[in-house]
file run.pdb (PDB, C-alpha atoms)
MODEL        1
ATOM      1  CA  GLN W  28    -115.376  17.647 182.172
ATOM      2  CA  GLN W  29    -113.979  18.909 185.461
ATOM      3  CA  GLN W  30    -115.508  22.390 185.441
ATOM      4  CA  VAL W  31    -117.973  23.857 187.875
ATOM      5  CA  LYS W  32    -119.664  26.976 186.509
ATOM      6  CA  GLN W  33    -121.023  29.478 189.016
ATOM      7  CA  SER W  34    -123.335  32.446 188.532
ATOM      8  CA  PRO W  35    -123.830  35.285 189.087
ATOM      9  CA  GLN W  36    -120.362  36.745 189.588
ATOM     10  CA  SER W  37    -121.788  39.370 191.949
ATOM     11  CA  LEU W  38    -125.094  39.852 193.690
ATOM     12  CA  ILE W  39    -126.670  42.743 195.579
ATOM     13  CA  VAL W  40    -129.622  41.950 197.817
ATOM     14  CA  GLN W  41    -131.623  44.031 200.262
ATOM     15  CA  LYS W  42    -131.657  43.028 203.911
ATOM     16  CA  GLY W  43    -134.365  40.432 204.451
ATOM     17  CA  GLY W  44    -134.348  39.330 200.829
ATOM     18  CA  ILE W  45    -133.447  35.972 199.312
ATOM     19  CA  SER W  46    -130.003  35.450 197.793
ATOM     20  CA  ILE W  47    -129.751  32.758 195.127
ATOM     21  CA  ILE W  48    -126.483  31.479 193.666
ATOM     22  CA  ASN W  49    -126.382  28.808 190.990
ATOM     23  CA  CYS W  50    -123.818  26.239 189.932
ATOM     24  CA  ALA W  51    -123.651  23.734 187.106
ATOM     25  CA  TYR W  52    -121.290  20.823 186.691
ATOM     26  CA  GLU W  53    -120.356  18.425 183.921
ATOM     27  CA  ASN W  54    -118.780  15.406 185.562
ATOM     28  CA  THR W  55    -121.531  12.991 186.564
ATOM     29  CA  ALA W  56    -119.043  11.168 188.818
ATOM     30  CA  PHE W  57    -119.083  14.032 191.320
ATOM     31  CA  ASP W  58    -120.602  12.799 194.562
ATOM     32  CA  TYR W  59    -120.090  15.660 197.005
ATOM     33  CA  PHE W  60    -121.239  19.268 196.588
ATOM     34  CA  PRO W  61    -120.234  21.754 199.305
ATOM     35  CA  TRP W  62    -120.713  25.508 199.531
ATOM     36  CA  TYR W  63    -118.052  27.689 201.124
ATOM     37  CA  GLN W  64    -118.213  31.224 202.496
ATOM     38  CA  GLN W  65    -115.127  33.425 202.476
ATOM     39  CA  PHE W  66    -114.645  36.768 204.193
ATOM     40  CA  PRO W  67    -111.761  39.091 203.220
ATOM     41  CA  GLY W  68    -108.502  37.979 204.792
ATOM     42  CA  LYS W  69    -109.889  34.603 205.783
ATOM     43  CA  GLY W  70    -109.857  31.137 204.328
ATOM     44  CA  PRO W  71    -113.080  29.597 202.991
ATOM     45  CA  ALA W  72    -115.365  28.038 205.594
ATOM     46  CA  LEU W  73    -117.829  25.243 204.892
ATOM     47  CA  LEU W  74    -121.430  26.437 204.971
ATOM     48  CA  ILE W  75    -123.431  23.438 203.907
ATOM     49  CA  ALA W  76    -122.905  20.377 201.720
ATOM     50  CA  ILE W  77    -125.092  17.892 199.885
ATOM     51  CA  ARG W  78    -124.770  14.432 198.369
ATOM     52  CA  PRO W  79    -126.450  13.544 195.049
ATOM     53  CA  ASP W  80    -128.956  11.170 196.654
ATOM     54  CA  VAL W  81    -130.770  14.145 198.238
ATOM     55  CA  SER W  82    -132.639  16.914 196.372
ATOM     56  CA  GLU W  83    -132.598  19.501 199.127
ATOM     57  CA  LYS W  84    -130.811  20.213 202.378
ATOM     58  CA  LYS W  85    -131.591  23.008 204.792
ATOM     59  CA  GLU W  86    -129.506  24.360 207.661
ATOM     60  CA  GLY W  87    -130.926  27.452 209.286
ATOM     61  CA  ARG W  88    -131.280  30.182 206.673
ATOM     62  CA  PHE W  89    -129.178  28.274 204.129
ATOM     63  CA  THR W  90    -130.668  25.745 201.694
ATOM     64  CA  ILE W  91    -129.044  23.727 198.919
ATOM     65  CA  SER W  92    -131.276  22.593 196.081
ATOM     66  CA  PHE W  93    -129.856  19.825 193.915
ATOM     67  CA  ASN W  94    -131.074  18.736 190.467
ATOM     68  CA  LYS W  95    -129.178  15.638 189.435
ATOM     69  CA  SER W  96    -130.735  15.313 185.958
ATOM     70  CA  ALA W  97    -129.912  18.933 185.093
ATOM     71  CA  LYS W  98    -126.500  18.690 186.795
ATOM     72  CA  GLN W  99    -127.206  21.879 188.701
ATOM     73  CA  PHE W 100    -127.270  22.913 192.330
ATOM     74  CA  SER W 101    -128.005  26.192 194.022
ATOM     75  CA  LEU W 102    -127.630  27.967 197.342
ATOM     76  CA  HIS W 103    -130.537  29.939 198.764
ATOM     77  CA  ILE W 104    -129.945  32.346 201.647
ATOM     78  CA  MET W 105    -133.231  33.313 203.232
ATOM     79  CA  ASP W 106    -133.680  36.574 205.172
ATOM     80  CA  SER W 107    -130.276  37.793 203.972
ATOM     81  CA  GLN W 108    -128.363  39.927 206.492
ATOM     82  CA  PRO W 109    -125.517  42.440 206.078
ATOM     83  CA  GLY W 110    -123.301  39.940 207.939
ATOM     84  CA  ASP W 111    -123.829  37.500 205.058
ATOM     85  CA  SER W 112    -121.856  39.827 202.776
ATOM     86  CA  ALA W 113    -118.984  37.647 201.606
ATOM     87  CA  THR W 114    -117.798  35.633 198.635
ATOM     88  CA  TYR W 115    -119.512  32.276 198.168
ATOM     89  CA  PHE W 116    -118.000  29.333 196.352
ATOM     90  CA  CYS W 117    -119.671  26.176 195.189
ATOM     91  CA  ALA W 118    -117.513  23.117 194.755
ATOM     92  CA  ALA W 119    -117.678  19.493 193.728
ATOM     93  CA  SER W 120    -115.615  16.405 194.298
ATOM     94  CA  ASN W 121    -115.527  12.738 193.462
ATOM     95  CA  ILE W 122    -114.792  11.372 196.892
ATOM     96  CA  MET W 123    -115.294   7.686 196.247
ATOM     97  CA  ASN W 124    -112.995   7.673 193.224
ATOM     98  CA  TYR W 125    -110.211   9.230 195.241
ATOM     99  CA  GLY W 126    -110.257   6.657 198.003
ATOM    100  CA  GLY W 127    -112.341   8.849 200.250
ATOM    101  CA  SER W 128    -110.227  11.924 199.752
ATOM    102  CA  GLN W 129    -111.963  15.267 199.854
ATOM    103  CA  GLY W 130    -108.818  17.028 198.802
ATOM    104  CA  ASN W 131    -109.542  17.412 195.131
ATOM    105  CA  LEU W 132    -112.335  19.945 195.335
ATOM    106  CA  ILE W 133    -113.217  21.650 192.040
ATOM    107  CA  PHE W 134    -114.398  25.168 192.837
ATOM    108  CA  GLY W 135    -116.638  27.580 190.993
ATOM    109  CA  LYS W 136    -115.234  31.076 190.395
ATOM    110  CA  GLY W 137    -117.188  32.581 193.289
ATOM    111  CA  THR W 138    -120.055  35.025 193.840
ATOM    112  CA  LYS W 139    -119.512  38.244 195.740
ATOM    113  CA  LEU W 140    -122.655  38.880 197.750
ATOM    114  CA  SER W 141    -123.458  42.318 199.158
ATOM    115  CA  VAL W 142    -126.464  42.657 201.435
ATOM    116  CA  LYS W 143    -127.634  46.265 201.747
ATOM    117  CA  PRO W 144    -129.134  47.401 205.070
TER     118      PRO W 144
ATOM    119  CA  LYS I  28    -109.392  23.080 219.371
ATOM    120  CA  ALA I  29    -106.960  25.246 217.431
ATOM    121  CA  GLY I  30    -107.690  25.728 213.740
ATOM    122  CA  VAL I  31    -105.422  25.270 210.757
ATOM    123  CA  THR I  32    -102.408  27.535 211.022
ATOM    124  CA  GLN I  33    -100.266  28.728 208.145
ATOM    125  CA  THR I  34     -96.942  30.485 208.263
ATOM    126  CA  PRO I  35     -95.877  32.951 207.189
ATOM    127  CA  ARG I  36     -99.034  34.960 206.508
ATOM    128  CA  TYR I  37     -97.324  37.275 204.031
ATOM    129  CA  LEU I  38     -94.286  36.789 201.858
ATOM    130  CA  ILE I  39     -92.559  38.881 199.197
ATOM    131  CA  LYS I  40     -90.086  37.213 196.853
ATOM    132  CA  THR I  41     -88.440  38.036 193.545
ATOM    133  CA  ARG I  42     -88.577  36.080 190.318
ATOM    134  CA  GLY I  43     -86.312  33.067 190.243
ATOM    135  CA  GLN I  44     -86.251  32.577 193.999
ATOM    136  CA  GLN I  45     -87.830  29.657 195.798
ATOM    137  CA  VAL I  46     -90.231  29.697 198.709
ATOM    138  CA  THR I  47     -91.441  27.276 201.382
ATOM    139  CA  LEU I  48     -94.822  27.614 203.038
ATOM    140  CA  SER I  49     -95.881  25.761 206.162
ATOM    141  CA  CYS I  50     -99.203  24.373 207.354
ATOM    142  CA  SER I  51    -100.163  22.850 210.688
ATOM    143  CA  PRO I  52    -103.468  20.957 210.492
ATOM    144  CA  ILE I  53    -106.059  20.624 213.200
ATOM    145  CA  SER I  54    -104.962  18.168 215.864
ATOM    146  CA  GLY I  55    -105.949  14.655 214.854
ATOM    147  CA  HIS I  56    -106.353  15.469 211.171
ATOM    148  CA  ARG I  57    -104.215  13.345 208.883
ATOM    149  CA  SER I  58    -105.021  14.846 205.493
ATOM    150  CA  VAL I  59    -103.668  18.175 204.268
ATOM    151  CA  SER I  60    -104.568  19.751 200.937
ATOM    152  CA  TRP I  61    -103.108  22.823 199.290
ATOM    153  CA  TYR I  62    -104.928  25.277 197.020
ATOM    154  CA  GLN I  63    -103.882  28.330 195.049
ATOM    155  CA  GLN I  64    -106.340  31.248 194.952
ATOM    156  CA  THR I  65    -106.016  34.019 192.365
ATOM    157  CA  PRO I  66    -108.548  36.585 191.113
ATOM    158  CA  GLY I  67    -108.363  35.180 187.591
ATOM    159  CA  GLN I  68    -108.327  31.426 188.138
ATOM    160  CA  GLY I  69    -110.112  31.236 191.473
ATOM    161  CA  LEU I  70    -109.378  28.342 193.808
ATOM    162  CA  GLN I  71    -107.322  25.583 192.252
ATOM    163  CA  PHE I  72    -106.272  22.328 193.853
ATOM    164  CA  LEU I  73    -102.521  21.778 194.085
ATOM    165  CA  PHE I  74    -102.070  18.486 195.956
ATOM    166  CA  GLU I  75    -103.164  16.472 198.936
ATOM    167  CA  TYR I  76    -101.117  14.530 201.467
ATOM    168  CA  PHE I  77    -102.331  11.770 203.730
ATOM    169  CA  SER I  78    -100.099   9.874 206.142
ATOM    170  CA  GLU I  79     -96.965  11.424 204.595
ATOM    171  CA  THR I  80     -97.930  10.274 201.077
ATOM    172  CA  GLN I  81     -99.185  12.376 198.205
ATOM    173  CA  ARG I  82    -102.676  11.062 197.545
ATOM    174  CA  ASN I  83    -103.836  13.449 194.826
ATOM    175  CA  LYS I  84    -102.239  16.040 192.590
ATOM    176  CA  GLY I  85    -103.691  18.911 190.579
ATOM    177  CA  ASN I  86    -102.577  20.263 187.254
ATOM    178  CA  PHE I  87     -99.599  22.395 188.258
ATOM    179  CA  PRO I  88     -95.999  22.291 186.986
ATOM    180  CA  GLY I  89     -93.294  20.383 188.780
ATOM    181  CA  ARG I  90     -92.004  23.628 190.331
ATOM    182  CA  PHE I  91     -94.751  23.131 192.887
ATOM    183  CA  SER I  92     -94.014  20.389 195.375
ATOM    184  CA  GLY I  93     -94.973  19.428 198.860
ATOM    185  CA  ARG I  94     -94.415  17.020 201.667
ATOM    186  CA  GLN I  95     -95.984  15.917 204.897
ATOM    187  CA  PHE I  96     -94.286  15.005 208.127
ATOM    188  CA  SER I  97     -95.120  12.269 210.623
ATOM    189  CA  ASN I  98     -96.967  14.805 212.821
ATOM    190  CA  SER I  99     -99.196  15.674 209.784
ATOM    191  CA  ARG I 100     -97.668  19.120 209.370
ATOM    192  CA  SER I 101     -97.115  19.941 205.723
ATOM    193  CA  GLU I 102     -94.912  22.184 203.652
ATOM    194  CA  MET I 103     -95.199  23.267 200.069
ATOM    195  CA  ASN I 104     -92.321  24.550 198.006
ATOM    196  CA  VAL I 105     -92.322  26.615 194.845
ATOM    197  CA  SER I 106     -89.038  26.818 192.985
ATOM    198  CA  THR I 107     -87.964  29.304 190.325
ATOM    199  CA  LEU I 108     -90.766  31.718 191.160
ATOM    200  CA  GLU I 109     -92.652  33.439 188.360
ATOM    201  CA  LEU I 110     -94.777  36.590 188.516
ATOM    202  CA  GLY I 111     -97.861  34.434 187.940
ATOM    203  CA  ASP I 112     -97.210  32.541 191.161
ATOM    204  CA  SER I 113     -98.414  35.562 193.129
ATOM    205  CA  ALA I 114    -101.463  34.253 194.933
ATOM    206  CA  LEU I 115    -103.051  33.318 198.214
ATOM    207  CA  TYR I 116    -101.981  29.782 199.100
ATOM    208  CA  LEU I 117    -104.498  27.971 201.246
ATOM    209  CA  CYS I 118    -104.034  24.856 203.281
ATOM    210  CA  ALA I 119    -106.949  22.698 204.359
ATOM    211  CA  SER I 120    -107.120  19.721 206.676
ATOM    212  CA  THR I 121    -109.548  16.880 207.212
ATOM    213  CA  GLN I 122    -109.561  13.746 209.290
ATOM    214  CA  GLY I 123    -108.896  11.998 206.002
ATOM    215  CA  SER I 124    -110.721   8.756 206.622
ATOM    216  CA  GLY I 125    -111.598   7.004 203.404
ATOM    217  CA  GLY I 126    -115.141   6.829 202.093
ATOM    218  CA  SER I 127    -116.533   9.470 204.406
ATOM    219  CA  TYR I 128    -117.595  13.051 203.944
ATOM    220  CA  ASN I 129    -115.330  14.690 206.465
ATOM    221  CA  GLU I 130    -115.421  18.473 206.486
ATOM    222  CA  GLN I 131    -112.401  20.250 205.072
ATOM    223  CA  PHE I 132    -111.157  23.119 207.285
ATOM    224  CA  PHE I 133    -109.187  25.909 205.655
ATOM    225  CA  GLY I 134    -106.437  28.011 207.146
ATOM    226  CA  PRO I 135    -106.189  31.801 206.617
ATOM    227  CA  GLY I 136    -103.655  31.363 203.820
ATOM    228  CA  THR I 137    -100.225  32.727 202.952
ATOM    229  CA  ARG I 138    -100.232  35.738 200.642
ATOM    230  CA  LEU I 139     -97.263  35.366 198.286
ATOM    231  CA  THR I 140     -96.194  38.306 196.159
ATOM    232  CA  VAL I 141     -93.572  37.758 193.460
ATOM    233  CA  LEU I 142     -91.824  40.894 192.198
TER     234      LEU I 142
ENDMDL
END
call {"tool": "encode", "arguments": {"input": "run.pdb", "output": "structure tokens"}}
result
Amino acid sequence: QQQVKQSPQSLIVQKGGISIINCAYENTAFDYFPWYQQFPGKGPALLIAIRPDVSEKKEGRFTISFNKSAKQFSLHIMDSQPGDSATYFCAASNIMNYGGSQGNLIFGKGTKLSVKP
Amino acid sequence: KAGVTQTPRYLIKTRGQQVTLSCSPISGHRSVSWYQQTPGQGLQFLFEYFSETQRNKGNFPGRFSGRQFSNSRSEMNVSTLELGDSALYLCASTQGSGGSYNEQFFGPGTRLTVL
């Protein structure tokens, strides 16, 4: 019930291409879906996040698509660059049930993205 | 504004020992969460503290504990270390206000190796 399944585990994309990472969740009480980017030796950093009342959110080259009925959401990276090479994590949380806490994020297992020049 | 700081960055311990890790949140942030990151299990939530009180707890044994001080700084303690406790321990802070989607900022982590 608490799992977030992420795919693919690794992804190789040519510079300028589109990177697509998918996540699926089970708990319909989740109400916050962030994506994090992590470089080696660093902690995860928030990229973009979406709430279930929106089907799509775009920030620069990064877009989240959200399908509430299918319980799936995905990250699209347009015009992928070598500097985007990192590990990406999707996550989900039930903020309202935890009194507004964002602490209990459930993470996917991560996708290692490599963008080839 | 300074980010989340964690000390020490690297730690080597032996089985059976105990360890204390420290986290200083971003100034003004009142919520601190701790996560364990391993290659096999990924990122797993340990616990969250808000205003010196544990607000949420993940599914970890009682050997893992934490606390938060009045200045929002937090420590986590692992007693009777096991080989499987080797991991990157991440601390994250948010403003912590209820009912809002405040961003969670992560520190660089403490790499714990248990021999």
call {"tool": "atom_distance", "arguments": {"input": "run.pdb", "atom1": "CA of Tyr62 (chain I)", "atom2": "CA of Thr80 (chain I)"}}
result
17.0 Å
call {"tool": "resolve_selection", "arguments": {"input": "run.pdb", "expression": "the ChimeraX specification (/W :<12) & /I", "output": "ChimeraX atom specification"}}
result
/I:30-33,36-37,57-77,81-86,115-138
call {"tool": "closest_residue", "arguments": {"input": "run.pdb", "among": "W:Met105, W:Ile91, W:Ile45, W:Val40", "to": "Pro144 (chain W)", "atoms": "all atoms listed in the file"}}
result
W:Val40
call {"tool": "atom_distance", "arguments": {"input": "run.pdb", "atom1": "CA of Leu139 (chain I)", "atom2": "CA of Ala29 (chain I)"}}
result
23.7 Å
call {"tool": "closest_residue", "arguments": {"input": "run.pdb", "among": "W:Thr138, W:Gln30, W:Ser112, W:Ser82", "to": "Lys42 (chain W)", "atoms": "all atoms listed in the file"}}
result
W:Ser112
call {"tool": "resolve_selection", "arguments": {"input": "run.pdb", "expression": "the PyMOL selection byres ((chain W and resi 55) around 10)", "output": "PDB file with C-alpha atoms, in the coordinates of the input"}}
result
ATOM      1  CA  GLN W  28    -115.376  17.647 182.172  1.00  0.00           C
ATOM      2  CA  GLN W  29    -113.979  18.909 185.461  1.00  0.00           C
ATOM      3  CA  TYR W  52    -121.290  20.823 186.691  1.00  0.00           C
ATOM      4  CA  GLU W  53    -120.356  18.425 183.921  1.00  0.00           C
ATOM      5  CA  ASN W  54    -118.780  15.406 185.562  1.00  0.00           C
ATOM      6  CA  ALA W  56    -119.043  11.168 188.818  1.00  0.00           C
ATOM      7  CA  PHE W  57    -119.083  14.032 191.320  1.00  0.00           C
ATOM      8  CA  ASP W  58    -120.602  12.799 194.562  1.00  0.00           C
ATOM      9  CA  PRO W  79    -126.450  13.544 195.049  1.00  0.00           C
ATOM     10  CA  LYS W  95    -129.178  15.638 189.435  1.00  0.00           C
ATOM     11  CA  SER W  96    -130.735  15.313 185.958  1.00  0.00           C
ATOM     12  CA  LYS W  98    -126.500  18.690 186.795  1.00  0.00           C
ATOM     13  CA  ASN W 121    -115.527  12.738 193.462  1.00  0.00           C
TER      14      ASN W 121
END
call {"tool": "residues_around", "arguments": {"input": "run.pdb", "residues": "region 93-110 of chain I", "least_positions_apart": "6", "cutoff": "6 Å", "atoms": "all atoms listed in the file", "output": "list in words"}}
result
Arg42, Gly43, Gln44, Gln45, Val46, Thr47, Leu48, Ser49, Cys50, Ser51, Arg57, Glu79 and Val141 of chain I
call {"tool": "axis_aligned_box", "arguments": {"input": "run.pdb", "around": "region 34-38 of chain I", "padding_each_side": "3 Å", "output": "JSON"}}
result
{"center_x": -96.7, "center_y": 33.9, "center_z": 205.1, "size_x": 10.7, "size_y": 12.8, "size_z": 12.4}
call {"tool": "atom_distance", "arguments": {"input": "run.pdb", "atom1": "CA of Tyr115 (chain W)", "atom2": "CA of Ile48 (chain W)"}}
result
8.3 Å
call {"tool": "resolve_selection", "arguments": {"input": "run.pdb", "expression": "the PyMOL selection byres ((chain W and resi 99) around 6)", "output": "list in words"}}
result
Cys50, Ala51, Asn94, Ala97, Lys98 and Phe100 of chain W
call {"tool": "write_last_selection", "arguments": {"input": "run.pdb", "atoms": "C-alpha atoms", "output": "compact mmCIF listing (two decimals), keeping the file's coordinate frame"}}
result
# COMPACT_ATOMS: atom_id res chain seq x y z
CA CYS W 50 -123.82 26.24 189.93
CA ALA W 51 -123.65 23.73 187.11
CA ASN W 94 -131.07 18.74 190.47
CA ALA W 97 -129.91 18.93 185.09
CA LYS W 98 -126.50 18.69 186.80
CA PHE W 100 -127.27 22.91 192.33
call {"tool": "closest_residue", "arguments": {"input": "run.pdb", "among": "W:Ser92, W:Lys85, W:Phe66, W:Leu102", "to": "Ile47 (chain W)", "atoms": "all atoms listed in the file"}}
result
W:Leu102
call {"tool": "closest_residue", "arguments": {"input": "run.pdb", "among": "W:Gln64, W:Asn49, W:Thr90, W:Gln108", "to": "Val31 (chain W)", "atoms": "all atoms listed in the file"}}
result
W:Asn49
call {"tool": "residues_near_point", "arguments": {"input": "run.pdb", "point": "(-127.5, 40.9, 205.0)", "cutoff": "12 Å", "atoms": "only C-alpha atoms", "output": "list in words"}}
result
Leu38, Ile39, Val40, Gln41, Lys42, Gly43, Gly44, Ile45, Ser46, Arg88, Ile104, Met105, Asp106, Ser107, Gln108, Pro109, Gly110, Asp111, Ser112, Ala113, Leu140, Ser141, Val142, Lys143 and Pro144 of chain W
call {"tool": "write_last_selection", "arguments": {"input": "run.pdb", "atoms": "C-alpha atoms", "output": "PDB file, keeping the file's coordinate frame"}}
result
ATOM      1  CA  LEU W  38    -125.094  39.852 193.690  1.00  0.00           C
ATOM      2  CA  ILE W  39    -126.670  42.743 195.579  1.00  0.00           C
ATOM      3  CA  VAL W  40    -129.622  41.950 197.817  1.00  0.00           C
ATOM      4  CA  GLN W  41    -131.623  44.031 200.262  1.00  0.00           C
ATOM      5  CA  LYS W  42    -131.657  43.028 203.911  1.00  0.00           C
ATOM      6  CA  GLY W  43    -134.365  40.432 204.451  1.00  0.00           C
ATOM      7  CA  GLY W  44    -134.348  39.330 200.829  1.00  0.00           C
ATOM      8  CA  ILE W  45    -133.447  35.972 199.312  1.00  0.00           C
ATOM      9  CA  SER W  46    -130.003  35.450 197.793  1.00  0.00           C
ATOM     10  CA  ARG W  88    -131.280  30.182 206.673  1.00  0.00           C
ATOM     11  CA  ILE W 104    -129.945  32.346 201.647  1.00  0.00           C
ATOM     12  CA  MET W 105    -133.231  33.313 203.232  1.00  0.00           C
ATOM     13  CA  ASP W 106    -133.680  36.574 205.172  1.00  0.00           C
ATOM     14  CA  SER W 107    -130.276  37.793 203.972  1.00  0.00           C
ATOM     15  CA  GLN W 108    -128.363  39.927 206.492  1.00  0.00           C
ATOM     16  CA  PRO W 109    -125.517  42.440 206.078  1.00  0.00           C
ATOM     17  CA  GLY W 110    -123.301  39.940 207.939  1.00  0.00           C
ATOM     18  CA  ASP W 111    -123.829  37.500 205.058  1.00  0.00           C
ATOM     19  CA  SER W 112    -121.856  39.827 202.776  1.00  0.00           C
ATOM     20  CA  ALA W 113    -118.984  37.647 201.606  1.00  0.00           C
ATOM     21  CA  LEU W 140    -122.655  38.880 197.750  1.00  0.00           C
ATOM     22  CA  SER W 141    -123.458  42.318 199.158  1.00  0.00           C
ATOM     23  CA  VAL W 142    -126.464  42.657 201.435  1.00  0.00           C
ATOM     24  CA  LYS W 143    -127.634  46.265 201.747  1.00  0.00           C
ATOM     25  CA  PRO W 144    -129.134  47.401 205.070  1.00  0.00           C
TER      26      PRO W 144
END
